[in-house]
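Heads up, protein.cif below (mmCIF, C-alpha atoms):
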```
data_query
loop_
_atom_site.label_atom_id
_atom_site.label_comp_id
_atom_site.auth_asym_id
_atom_site.auth_seq_id
_atom_site.Cartn_x
_atom_site.Cartn_y
_atom_site.Cartn_z
CA MET P 1 8.39 11.77 26.38
CA ASN P 2 7.06 11.98 22.85
CA LEU P 3 4.89 9.45 21.03
CA LYS P 4 7.72 7.98 18.98
CA SER P 5 9.64 7.06 22.12
CA TRP P 6 6.55 5.27 23.47
CA THR P 7 6.39 2.97 20.48
CA SER P 8 9.90 1.66 21.14
CA LEU P 9 9.19 0.64 24.72
CA LYS P 10 8.29 -2.81 26.03
CA TRP P 11 4.85 -3.52 27.42
CA GLY P 12 5.72 -2.72 31.04
CA GLY P 13 7.56 0.49 30.23
CA LEU P 14 4.76 1.56 27.96
CA ALA P 15 2.19 1.50 30.75
CA LEU P 16 4.43 3.79 32.80
CA ALA P 17 5.05 6.11 29.89
CA VAL P 18 1.32 6.51 29.27
CA ALA P 19 0.58 7.03 32.95
CA LEU P 20 3.19 9.72 33.58
CA PRO P 21 1.43 12.50 31.65
CA LEU P 22 -1.82 11.70 33.50
CA TYR P 23 -0.17 12.30 36.89
CA ALA P 24 1.25 15.55 35.59
CA ILE P 25 -2.23 16.64 34.57
CA ALA P 26 -3.60 15.79 38.01
CA ASP P 27 -1.27 18.34 39.63
CA ASP P 28 -2.20 21.08 37.18
CA LYS P 29 -5.23 23.11 38.20
CA LYS P 30 -5.70 24.18 34.59
CA SER P 31 -6.60 20.60 33.78
CA GLU P 32 -9.55 20.54 36.13
CA PRO P 33 -12.09 21.23 33.30
CA VAL P 34 -10.82 18.06 31.55
CA TYR P 35 -11.61 15.98 34.62
CA ASP P 36 -15.01 17.65 34.91
CA GLN P 37 -15.76 16.50 31.37
CA MET P 38 -14.50 13.00 32.16
CA ARG P 39 -16.87 12.95 35.14
CA ILE P 40 -19.74 13.97 32.86
CA PHE P 41 -18.83 11.18 30.47
CA GLY P 42 -18.91 8.68 33.34
CA ASP P 43 -22.29 9.98 34.50
CA VAL P 44 -23.75 9.71 30.99
CA LEU P 45 -22.40 6.19 30.58
CA ALA P 46 -23.94 5.12 33.88
CA LEU P 47 -27.32 6.60 32.93
CA VAL P 48 -27.25 4.81 29.56
CA GLN P 49 -26.40 1.52 31.25
CA ASP P 50 -29.25 1.91 33.74
CA SER P 51 -31.99 3.60 31.70
CA TYR P 52 -31.60 2.91 27.98
CA VAL P 53 -34.57 1.08 26.45
CA GLU P 54 -32.46 -2.02 25.68
CA ASP P 55 -29.45 -3.71 27.23
CA VAL P 56 -26.21 -1.99 26.29
CA ASP P 57 -22.85 -3.51 25.38
CA THR P 58 -20.75 -1.18 27.52
CA ALA P 59 -17.40 -2.17 26.00
CA SER P 60 -18.72 -1.48 22.50
CA LEU P 61 -20.19 1.83 23.65
CA ILE P 62 -16.87 3.01 25.10
CA GLU P 63 -15.00 1.82 21.98
CA ASN P 64 -17.37 3.83 19.76
CA ALA P 65 -16.98 6.84 22.02
CA LEU P 66 -13.20 6.67 21.72
CA ASN P 67 -13.38 6.35 17.96
CA GLY P 68 -15.88 9.18 17.72
CA ALA P 69 -13.43 11.45 19.52
CA LEU P 70 -10.46 10.30 17.43
CA HIS P 71 -12.33 10.54 14.11
CA SER P 72 -13.19 14.15 14.93
CA LEU P 73 -9.44 14.80 14.62
CA ASP P 74 -8.92 13.07 11.26
CA PRO P 75 -10.20 9.91 9.52
CA HIS P 76 -7.05 7.86 10.15
CA SER P 77 -6.75 8.21 13.94
CA THR P 78 -8.54 5.35 15.62
CA TYR P 79 -8.68 3.04 18.61
CA VAL P 80 -8.01 -0.60 17.73
CA PRO P 81 -9.44 -3.18 20.18
CA PRO P 82 -7.23 -6.14 21.17
CA VAL P 83 -8.71 -8.74 18.79
CA ASP P 84 -8.62 -6.39 15.80
CA PHE P 85 -5.07 -5.32 16.66
CA THR P 86 -3.86 -8.92 16.51
CA GLU P 87 -5.71 -9.59 13.24
CA GLN P 88 -4.40 -6.40 11.62
CA ARG P 89 -0.81 -7.21 12.48
CA GLU P 90 -1.24 -10.57 10.76
CA ALA P 91 -2.98 -9.00 7.74
CA VAL P 92 -0.19 -6.46 7.24
CA ARG P 93 2.21 -9.32 6.61
CA ARG P 94 -0.11 -10.63 3.88
CA GLU P 95 0.50 -14.17 5.13
CA TYR P 96 -1.83 -17.10 4.63
CA GLY P 97 -1.78 -20.85 4.94
CA GLY P 98 -1.53 -22.52 1.56
CA LEU P 99 0.69 -23.86 -1.20
CA GLY P 100 2.45 -20.69 -2.35
CA ILE P 101 1.07 -20.54 -5.90
CA GLU P 102 -0.86 -18.00 -7.95
CA ILE P 103 -3.50 -19.53 -10.20
CA GLN P 104 -6.01 -18.66 -12.88
CA SER P 105 -8.83 -20.49 -14.64
CA GLU P 106 -8.02 -21.60 -18.16
CA GLY P 107 -10.31 -23.80 -20.25
CA GLY P 108 -12.02 -25.19 -17.17
CA LEU P 109 -8.68 -26.11 -15.59
CA VAL P 110 -6.64 -24.39 -12.90
CA LYS P 111 -3.38 -23.06 -14.29
CA VAL P 112 -0.39 -22.12 -12.14
CA ASN P 113 0.73 -18.61 -13.07
CA HIS P 114 3.51 -18.40 -10.53
CA ALA P 115 5.04 -20.61 -7.85
CA ILE P 116 6.73 -18.68 -5.05
CA GLU P 117 10.32 -19.86 -4.92
CA ASP P 118 10.45 -20.34 -1.16
CA GLY P 119 6.93 -21.81 -1.03
CA PRO P 120 5.96 -25.45 -0.44
CA ALA P 121 4.54 -26.05 -3.94
CA TYR P 122 7.78 -24.94 -5.60
CA ALA P 123 9.78 -27.20 -3.28
CA ALA P 124 7.50 -30.09 -4.27
CA GLY P 125 8.19 -29.53 -7.97
CA ILE P 126 5.20 -27.47 -9.13
CA ARG P 127 6.07 -24.74 -11.65
CA ALA P 128 4.41 -21.94 -13.60
CA GLY P 129 2.44 -23.36 -16.53
CA ASP P 130 1.42 -26.55 -14.72
CA LEU P 131 -2.29 -27.44 -14.63
CA ILE P 132 -4.02 -28.72 -11.49
CA THR P 133 -6.91 -31.10 -12.15
CA ALA P 134 -7.72 -32.48 -8.68
CA VAL P 135 -7.24 -31.70 -4.99
CA ASP P 136 -7.15 -34.62 -2.55
CA GLY P 137 -8.68 -36.81 -5.25
CA GLU P 138 -11.60 -34.47 -5.92
CA ASP P 139 -11.84 -33.36 -9.54
CA ILE P 140 -11.80 -29.55 -9.76
CA ARG P 141 -12.16 -29.28 -13.53
CA GLY P 142 -15.01 -26.93 -14.33
CA LYS P 143 -15.26 -25.63 -10.77
CA SER P 144 -14.94 -21.97 -9.85
CA LEU P 145 -11.54 -20.63 -8.90
CA ASP P 146 -12.79 -19.87 -5.37
CA ASP P 147 -13.84 -23.51 -4.90
CA ALA P 148 -10.48 -24.72 -6.17
CA VAL P 149 -8.57 -22.38 -3.84
CA SER P 150 -10.65 -23.31 -0.78
CA GLY P 151 -9.58 -26.93 -1.17
CA MET P 152 -5.92 -25.97 -1.29
CA ARG P 153 -5.97 -23.78 1.81
CA GLY P 154 -5.70 -25.30 5.26
CA LEU P 155 -3.76 -25.40 8.48
CA LYS P 156 -0.01 -25.08 8.42
CA GLY P 157 1.67 -28.49 8.47
CA GLU P 158 -1.26 -30.36 6.93
CA PRO P 159 -0.54 -32.25 3.67
CA VAL P 160 -2.68 -31.94 0.55
CA THR P 161 -2.43 -34.03 -2.61
CA VAL P 162 -2.77 -32.19 -5.91
CA THR P 163 -2.96 -33.85 -9.32
CA VAL P 164 -0.71 -31.96 -11.73
CA LEU P 165 -0.45 -31.95 -15.52
CA THR P 166 2.83 -30.74 -16.98
CA SER P 167 3.33 -30.39 -20.70
CA GLY P 168 4.97 -33.51 -22.13
CA ARG P 169 4.46 -35.57 -18.97
CA GLU P 170 1.84 -37.91 -17.54
CA ALA P 171 -0.50 -36.61 -14.85
CA ARG P 172 1.03 -37.14 -11.42
CA ASP P 173 -0.01 -36.74 -7.79
CA ILE P 174 2.15 -34.42 -5.71
CA VAL P 175 1.91 -34.19 -1.94
CA VAL P 176 2.43 -30.63 -0.70
CA VAL P 177 2.65 -29.77 2.99
CA ARG P 178 0.77 -26.53 3.58
CA ASP P 179 2.81 -23.73 5.07
CA THR P 180 2.54 -20.06 5.94
CA VAL P 181 3.60 -18.31 2.76
CA ARG P 182 3.81 -14.72 1.73
CA GLY P 183 2.31 -13.54 -1.53
CA ARG P 184 4.51 -11.55 -3.90
CA ALA P 185 3.67 -7.90 -4.32
CA ILE P 186 5.18 -7.35 -7.77
CA ARG P 187 4.53 -8.57 -11.31
CA HIS P 188 6.84 -7.92 -14.24
CA ARG P 189 7.00 -8.51 -17.97
CA VAL P 190 8.34 -7.01 -21.18
CA GLU P 191 5.79 -4.65 -22.73
CA ASP P 192 6.49 -3.74 -26.36
CA GLY P 193 10.24 -3.91 -25.77
CA VAL P 194 10.01 -1.94 -22.51
CA GLY P 195 10.50 -3.25 -18.98
CA TYR P 196 7.26 -3.21 -16.98
CA MET P 197 6.70 -3.73 -13.23
CA PHE P 198 3.37 -3.62 -11.40
CA ILE P 199 3.75 -3.02 -7.66
CA GLU P 200 0.52 -4.06 -5.99
CA THR P 201 1.35 -3.14 -2.39
CA PHE P 202 4.19 -2.06 -0.12
CA ASN P 203 2.93 -4.34 2.68
CA ASN P 204 5.60 -6.92 2.00
CA ASP P 205 9.05 -6.80 3.55
CA ARG P 206 10.43 -8.82 0.62
CA LEU P 207 9.32 -6.22 -1.92
CA THR P 208 12.75 -4.66 -2.45
CA LYS P 209 14.40 -8.05 -2.88
CA ASP P 210 11.66 -9.19 -5.28
CA THR P 211 11.97 -5.93 -7.23
CA ILE P 212 15.71 -6.36 -7.65
CA ASN P 213 15.12 -9.90 -8.93
CA ALA P 214 12.42 -8.67 -11.31
CA LEU P 215 14.71 -5.96 -12.69
CA ALA P 216 17.47 -8.50 -13.24
CA ASP P 217 15.04 -10.80 -15.06
CA LEU P 218 13.84 -7.95 -17.27
CA GLU P 219 17.45 -7.13 -18.10
CA ARG P 220 18.07 -10.75 -19.08
CA GLN P 221 15.07 -10.64 -21.40
CA ILE P 222 15.70 -7.24 -22.96
CA GLY P 223 19.49 -7.16 -22.98
CA LYS P 224 19.81 -3.62 -21.64
CA LEU P 225 17.21 -2.18 -19.29
CA ASP P 226 17.14 1.40 -20.53
CA LYS P 227 13.36 1.95 -20.39
CA LEU P 228 11.17 1.04 -17.42
CA ILE P 229 7.53 1.48 -16.42
CA ILE P 230 6.69 1.32 -12.70
CA ASP P 231 2.93 0.81 -12.42
CA MET P 232 1.48 1.75 -9.02
CA ARG P 233 -2.12 2.35 -10.09
CA GLY P 234 -4.44 1.36 -7.27
CA ASN P 235 -1.54 0.73 -4.88
CA ARG P 236 -2.84 1.72 -1.42
CA GLY P 237 0.60 1.93 0.18
CA GLY P 238 2.13 -0.04 3.02
CA LEU P 239 5.52 -0.11 4.73
CA LEU P 240 7.47 3.15 4.82
CA THR P 241 10.76 1.24 4.87
CA GLU P 242 9.91 -0.45 1.58
CA SER P 243 8.90 2.81 -0.10
CA VAL P 244 12.25 4.34 0.87
CA SER P 245 14.29 1.35 -0.29
CA ILE P 246 12.35 1.01 -3.57
CA SER P 247 12.95 4.71 -4.27
CA GLY P 248 16.61 4.17 -3.47
CA LEU P 249 16.96 1.62 -6.27
CA PHE P 250 16.55 4.52 -8.71
CA LEU P 251 18.25 7.34 -6.79
CA ASP P 252 21.93 7.92 -6.05
CA GLY P 253 21.50 8.79 -2.39
CA GLY P 254 19.77 11.96 -1.22
CA GLU P 255 16.37 12.61 0.33
CA VAL P 256 13.34 10.46 -0.41
CA LEU P 257 10.93 12.19 1.96
CA SER P 258 10.65 14.02 5.24
CA ALA P 259 8.07 13.43 7.96
CA ARG P 260 7.24 16.42 10.11
CA GLY P 261 5.29 16.50 13.36
CA ARG P 262 3.94 19.19 15.63
CA ASP P 263 7.34 19.81 17.24
CA ALA P 264 10.72 20.07 15.56
CA SER P 265 11.89 17.12 17.67
CA ASP P 266 9.33 14.95 15.82
CA ASN P 267 10.77 15.69 12.37
CA GLU P 268 12.59 12.97 10.44
CA ARG P 269 14.31 12.73 7.07
CA TYR P 270 14.63 9.54 5.06
CA ASN P 271 17.45 9.20 2.55
CA ALA P 272 18.23 6.72 -0.19
CA GLU P 273 21.43 4.73 -0.12
CA ALA P 274 24.08 5.72 -2.65
CA GLY P 275 24.35 3.75 -5.88
CA GLU P 276 21.25 3.47 -8.06
CA LEU P 277 20.86 0.34 -10.17
CA TYR P 278 20.09 1.77 -13.62
CA PRO P 279 21.25 5.42 -13.72
CA ASP P 280 20.76 5.75 -17.47
CA ALA P 281 17.32 4.18 -17.67
CA ARG P 282 14.29 6.26 -18.61
CA ILE P 283 11.49 5.71 -16.09
CA VAL P 284 7.74 6.37 -16.26
CA VAL P 285 5.63 5.96 -13.13
CA LEU P 286 1.93 5.20 -13.61
CA MET P 287 -0.42 6.60 -10.95
CA SER P 288 -4.18 6.74 -10.37
CA PRO P 289 -6.58 8.31 -7.84
CA GLY P 290 -6.33 5.02 -5.95
CA SER P 291 -2.55 5.29 -5.52
CA ALA P 292 -1.85 6.31 -1.93
CA SER P 293 0.65 6.70 0.88
CA ALA P 294 3.84 4.70 0.19
CA ALA P 295 3.09 4.70 -3.56
CA GLU P 296 2.87 8.50 -3.44
CA ILE P 297 6.18 8.66 -1.57
CA VAL P 298 7.95 6.76 -4.37
CA ALA P 299 6.29 8.76 -7.16
CA GLY P 300 6.95 12.07 -5.40
CA ALA P 301 10.61 11.26 -4.74
CA LEU P 302 11.36 10.15 -8.32
CA GLN P 303 9.45 13.13 -9.73
CA ASP P 304 11.03 15.74 -7.47
CA ARG P 305 14.51 14.36 -8.05
CA GLY P 306 14.05 14.46 -11.84
CA ARG P 307 14.41 10.70 -12.06
CA ALA P 308 11.06 9.77 -13.58
CA VAL P 309 8.08 11.12 -15.48
CA VAL P 310 4.78 10.55 -13.68
CA LEU P 311 1.84 9.69 -15.94
CA GLY P 312 -1.84 9.08 -15.19
CA ARG P 313 -4.17 10.89 -12.80
CA ARG P 314 -3.65 12.81 -9.56
CA SER P 315 -3.13 10.38 -6.70
CA PHE P 316 -5.14 9.89 -3.51
CA GLY P 317 -3.39 12.38 -1.22
CA LYS P 318 -2.73 10.24 1.88
CA GLY P 319 0.13 12.31 3.26
CA SER P 320 -0.14 11.69 6.98
CA VAL P 321 1.77 9.31 9.25
CA GLN P 322 0.05 7.17 11.85
CA SER P 323 2.00 5.91 14.86
CA VAL P 324 0.66 2.63 16.23
CA ILE P 325 0.95 2.84 20.01
CA PRO P 326 0.20 -0.42 21.87
CA LEU P 327 -1.76 0.30 25.05
CA GLY P 328 -1.03 -2.95 26.85
CA PRO P 329 -1.21 -6.72 26.28
CA ASP P 330 -5.01 -6.77 26.60
CA ASP P 331 -5.91 -3.17 25.79
CA GLY P 332 -5.46 -2.92 22.02
CA ALA P 333 -3.68 0.03 20.46
CA LEU P 334 -4.01 3.65 19.45
CA ARG P 335 -3.38 4.54 15.83
CA LEU P 336 -2.69 8.27 15.99
CA THR P 337 -1.73 10.74 13.26
CA THR P 338 1.60 12.21 14.37
CA GLN P 339 3.31 13.54 11.21
CA ARG P 340 2.82 14.71 7.62
CA TYR P 341 4.81 13.45 4.64
CA TYR P 342 6.71 15.89 2.42
CA THR P 343 8.39 15.23 -0.92
CA PRO P 344 12.08 16.20 -1.37
CA SER P 345 11.05 19.63 -2.74
CA GLY P 346 9.11 20.31 0.47
CA GLN P 347 5.60 19.71 -0.92
CA SER P 348 3.05 18.13 1.41
CA ILE P 349 1.23 15.15 -0.09
CA GLN P 350 -1.66 15.48 2.36
CA GLY P 351 -5.00 16.14 0.65
CA ARG P 352 -3.25 16.99 -2.63
CA GLY P 353 -1.48 13.88 -3.80
CA ILE P 354 1.01 13.69 -6.65
CA MET P 355 0.14 15.56 -9.84
CA PRO P 356 1.33 13.70 -12.96
CA ASP P 357 3.62 15.36 -15.45
CA LEU P 358 1.26 14.08 -18.13
CA LEU P 359 -2.43 13.69 -17.32
CA VAL P 360 -3.79 10.61 -19.07
CA SER P 361 -7.18 9.08 -18.33
CA GLY P 362 -7.84 5.40 -17.95
CA ILE P 363 -11.59 5.81 -18.53
CA GLU P 364 -13.65 7.12 -21.42
CA ASP P 365 -14.18 10.83 -22.08
CA THR P 366 -17.53 12.02 -20.68
CA GLY P 367 -16.97 15.71 -21.42
CA GLU P 368 -16.07 16.54 -17.83
CA ILE P 369 -13.82 15.35 -15.02
CA ARG P 370 -15.51 12.57 -13.11
CA LYS P 371 -15.47 13.12 -9.34
CA ARG P 372 -13.01 10.69 -7.80
CA PHE P 373 -12.80 9.57 -4.18
CA ARG P 374 -9.62 10.91 -2.58
CA GLU P 375 -8.28 11.89 0.83
CA ASP P 376 -10.01 15.27 0.69
CA SER P 377 -13.32 13.45 0.21
CA LEU P 378 -13.05 12.04 3.74
CA ARG P 379 -14.83 13.66 6.64
CA ASN P 380 -12.49 15.68 8.89
CA PHE P 381 -9.52 15.13 6.59
CA LEU P 382 -6.33 16.84 7.73
CA ILE P 383 -6.10 20.20 5.98
CA ASN P 384 -3.00 20.95 3.90
CA PRO P 385 -1.71 24.43 4.77
CA ASP P 386 -0.75 24.94 1.11
CA GLU P 387 -3.91 26.42 -0.38
CA THR P 388 -2.64 26.90 -3.96
CA ASP P 389 -4.82 25.38 -6.68
CA TYR P 390 -3.97 21.72 -7.23
CA GLU P 391 -6.93 20.49 -9.22
CA GLU P 392 -6.74 18.68 -12.55
CA LYS P 393 -8.00 20.63 -15.54
CA TYR P 394 -10.19 18.83 -18.03
CA GLU P 395 -8.46 20.38 -21.05
CA ASP P 396 -5.09 19.02 -19.86
CA ILE P 397 -6.24 15.39 -19.71
CA LEU P 398 -5.57 13.02 -22.60
CA TYR P 399 -8.38 10.57 -23.33
CA ALA P 400 -8.29 7.51 -25.54
CA PRO P 401 -9.55 8.19 -29.08
CA GLU P 402 -12.73 6.40 -30.16
CA THR P 403 -10.66 4.11 -32.37
CA PHE P 404 -8.54 2.84 -29.45
CA PRO P 405 -9.26 -0.86 -28.73
CA GLU P 406 -11.47 -1.29 -25.65
CA ASP P 407 -9.48 -4.28 -24.41
CA GLU P 408 -6.16 -2.39 -24.34
CA ASP P 409 -4.65 -0.10 -21.69
CA PHE P 410 -4.48 3.48 -22.98
CA GLN P 411 -2.40 4.77 -20.06
CA LEU P 412 0.12 1.97 -20.49
CA SER P 413 0.34 2.57 -24.24
CA LYS P 414 1.04 6.27 -23.63
CA ALA P 415 3.74 5.35 -21.12
CA VAL P 416 5.48 3.19 -23.72
CA GLU P 417 5.13 5.98 -26.30
CA VAL P 418 6.63 8.58 -23.95
CA LEU P 419 9.61 6.36 -23.17
CA LYS P 420 10.34 5.82 -26.85
CA THR P 421 10.08 9.44 -27.99
CA SER P 422 11.55 12.86 -27.27
CA GLN P 423 8.41 13.67 -25.29
CA TYR P 424 10.13 12.10 -22.29
CA ASP P 425 12.90 14.72 -22.37
CA ARG P 426 10.42 17.57 -22.82
CA LEU P 427 8.39 16.40 -19.83
CA LEU P 428 11.54 16.20 -17.69
CA GLU P 429 12.51 19.73 -18.75
CA ALA P 430 9.07 21.03 -17.81
CA GLN P 431 9.32 19.16 -14.51
CA GLU P 432 12.68 20.80 -13.75
CA ALA P 433 11.30 24.26 -14.52
CA ARG P 434 8.36 23.63 -12.18
CA TYR P 435 10.55 22.67 -9.24
#
```

Written as structure tokens, how would this file's structure read?
Amino acid sequence: MNLKSWTSLKWGGLALAVALPLYAIADDKKSEPVYDQMRIFGDVLALVQDSYVEDVDTASLIENALNGALHSLDPHSTYVPPVDFTEQREAVRREYGGLGIEIQSEGGLVKVNHAIEDGPAYAAGIRAGDLITAVDGEDIRGKSLDDAVSGMRGLKGEPVTVTVLTSGREARDIVVVRDTVRGRAIRHRVEDGVGYMFIETFNNDRLTKDTINALADLERQIGKLDKLIIDMRGNRGGLLTESVSISGLFLDGGEVLSARGRDASDNERYNAEAGELYPDARIVVLMSPGSASAAEIVAGALQDRGRAVVLGRRSFGKGSVQSVIPLGPDDGALRLTTQRYYTPSGQSIQGRGIMPDLLVSGIEDTGEIRKRFREDSLRNFLINPDETDYEEKYEDILYAPETFPEDEDFQLSKAVEVLKTSQYDRLLEAQEARY
């Protein structure tokens, strides 16, 4: 029984599945050295408990021992104790108790930037552009944004009264019942006549739906969505399913990625659904050294399939797949690296990342390439068997000229420029020749 089949089992079946290989080992004389080492571990643990200079937290000691063993394999394999496992599952959903609004400080007031359509604040009548001046009667004008937010958060089902100013109307008190809401993972706007989307994370199972809505809104604003920037700078990844479906919005079927394990039976291919939304649109994908995992899957798929030009800096290089294997209701889970990701052209992302078609820096020119933290900076990172040179070259990187305004985004401006000129076609031609 392989690891992937374990993950689909219920709690009771899982315990049996984990135990079966152990019984098989017990009957194999070749496994006797393993049990000798386990005996040594038990002896050492007992000596530490009895003789160490201070009292020892045995559970913590065993947990650290497990993680020490797993981290010697690669930095992403780890044991997750029960409490952390529960917290992480909640964090992945990016859910919190609140009003369902995004806010910013403006002139000492709290301004609503966005009200999530299925959130409690929107249902109560609060909209983008409204100003909040008080929470439960307490004036928040002049307070920090953190203080303002803390007053709005609370337990699900509890009411909170916010005083709202809407242009052209008198200040009014609105009672909002706090609820568990999910933050949006995408922002969009029109940038110099070009559609622009910033995808913050793939840890949101509404991302594809929100992206489709954002694209439709951009089309309403522009008239015809024939130029699009997908900004995934700093995006640390998230759900594989969302990365595949987002890629599929811009591909007419075909492979998005493959995931390959130690055995051929562990290999999987993920394909886009037929029927892309904007087949004639030019697309530029913005990437950075902080773009990882699911973000790299999308960039790699669109680049390999000749559907987009990638611009920015080489991405993080998180090209491994971790299977989360629950160990039992009260035993936590094992997060184990079981596969590597490959782009449609068969290139492994692991330790290499996605190399942009046009290298453009987002920081000032220092005369040399600044060392950036990536996957291959991690201790015991999983080695990529492809040893060909994949480093950025300083002379290939475009830096902002000294006259470029400090408060503007040079990478974004280059993306707009590429979309509006013949450079886009030349970069696609060079991309096709490379693959």

Residues matched by the PyMOL selection byres ((chain P and resi 348) around 10) as a list in words
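So the PyMOL selection byres ((chain P and resi 348) around 10) ends up selecting Leu257, Ser258, Ala259, Arg260, Gly300, Gly317, Lys318, Gly319, Ser320, Arg340, Tyr341, Tyr342, Thr343, Pro344, Ser345, Gly346, Gln347, Ile349, Gln350, Gly351, Arg352, Gly353, Ile354, Asn384, Pro385 and Asp386 of chain P.
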
Mind listing as number ranges by chain all residues within 8 Å of (10.6, 16.8, -15.8), counting all atoms listed in the file?
P: 303, 306, 308-309, 357, 425-433

File dump, residues just selected, C-alpha atoms, as a compact mmCIF listing (two decimals), in the frame of the given file:
```
# COMPACT_ATOMS: atom_id res chain seq x y z
CA GLN P 303 9.45 13.13 -9.73
CA GLY P 306 14.05 14.46 -11.84
CA ALA P 308 11.06 9.77 -13.58
CA VAL P 309 8.08 11.12 -15.48
CA ASP P 357 3.62 15.36 -15.45
CA ASP P 425 12.90 14.72 -22.37
CA ARG P 426 10.42 17.57 -22.82
CA LEU P 427 8.39 16.40 -19.83
CA LEU P 428 11.54 16.20 -17.69
CA GLU P 429 12.51 19.73 -18.75
CA ALA P 430 9.07 21.03 -17.81
CA GLN P 431 9.32 19.16 -14.51
CA GLU P 432 12.68 20.80 -13.75
CA ALA P 433 11.30 24.26 -14.52
```

In Å to one decimal, how far is atom CA of Gly312 of chain P from atom CA of Ile212 of chain P?
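Going from atom CA of Ile212 of chain P over to atom CA of Gly312 of chain P covers 24.6 Å.
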
Determine, counting all atoms listed in the file, which protein, DNA and RNA residues have an atom within 12 Å of an atom of Gly367 of chain P; residues of the same chain fewer than 6 positions away are not included. Present the result as a list in words.
Lys393, Tyr394, Glu395, Ile397, Leu398 and Tyr399 of chain P

Output check: residues returned by the PyMOL selection byres ((chain P and resi 221-226) around 10), as a list in words:
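Residues picked by the PyMOL selection byres ((chain P and resi 221-226) around 10): Arg189, Val190, Gly193, Val194, Gly195, Leu215, Ala216, Asp217, Leu218, Glu219, Arg220, Lys227, Leu228, Tyr278, Pro279, Asp280, Ala281, Arg282, Ile283 and Leu419 of chain P.
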
Using only C-alpha atoms, determine which residues lie at most 8 Å from Gly137 of chain P, disregarding the query and same-chain residues fewer than 5 positions distant; provide the list as a list in words.
Thr161, Val162 and Thr163 of chain P

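Of note, atom CA of Gly328 of chain P and atom CA of Thr78 of chain P are spaced 15.9 Å apart.
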
Interatomic distance (Å, one decimal) between atom CA of Val34 of chain P and atom CA of Asp331 of chain P:
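Atom CA of Val34 of chain P sits 22.5 Å away from atom CA of Asp331 of chain P.
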
Contacts of segment 231-240 of chain P within 7 Å, only C-alpha atoms, excl. fewer than 4 positions in-chain, as a PyMOL selection string
chain P and resi 197-203+244+285-288+290-295

Go ahead and save the residues from that selection, with C-alpha atoms, as a CSV table (one decimal), in the frame of the given file.
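Final file, out_19.csv:
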```csv
chain,number,residue,atom,x,y,z
P,197,MET,CA,6.7,-3.7,-13.2
P,198,PHE,CA,3.4,-3.6,-11.4
P,199,ILE,CA,3.8,-3.0,-7.7
P,200,GLU,CA,0.5,-4.1,-6.0
P,201,THR,CA,1.4,-3.1,-2.4
P,202,PHE,CA,4.2,-2.1,-0.1
P,203,ASN,CA,2.9,-4.3,2.7
P,244,VAL,CA,12.2,4.3,0.9
P,285,VAL,CA,5.6,6.0,-13.1
P,286,LEU,CA,1.9,5.2,-13.6
P,287,MET,CA,-0.4,6.6,-11.0
P,288,SER,CA,-4.2,6.7,-10.4
P,290,GLY,CA,-6.3,5.0,-6.0
P,291,SER,CA,-2.6,5.3,-5.5
P,292,ALA,CA,-1.8,6.3,-1.9
P,293,SER,CA,0.6,6.7,0.9
P,294,ALA,CA,3.8,4.7,0.2
P,295,ALA,CA,3.1,4.7,-3.6
```

May I have the residues within 8 Å of segment 115-129 of chain P as number ranges by chain, using all atoms listed in the file and disregarding those fewer than 5 positions away in the same chain?
P: 99-102, 164, 166, 174-179, 181, 183-184
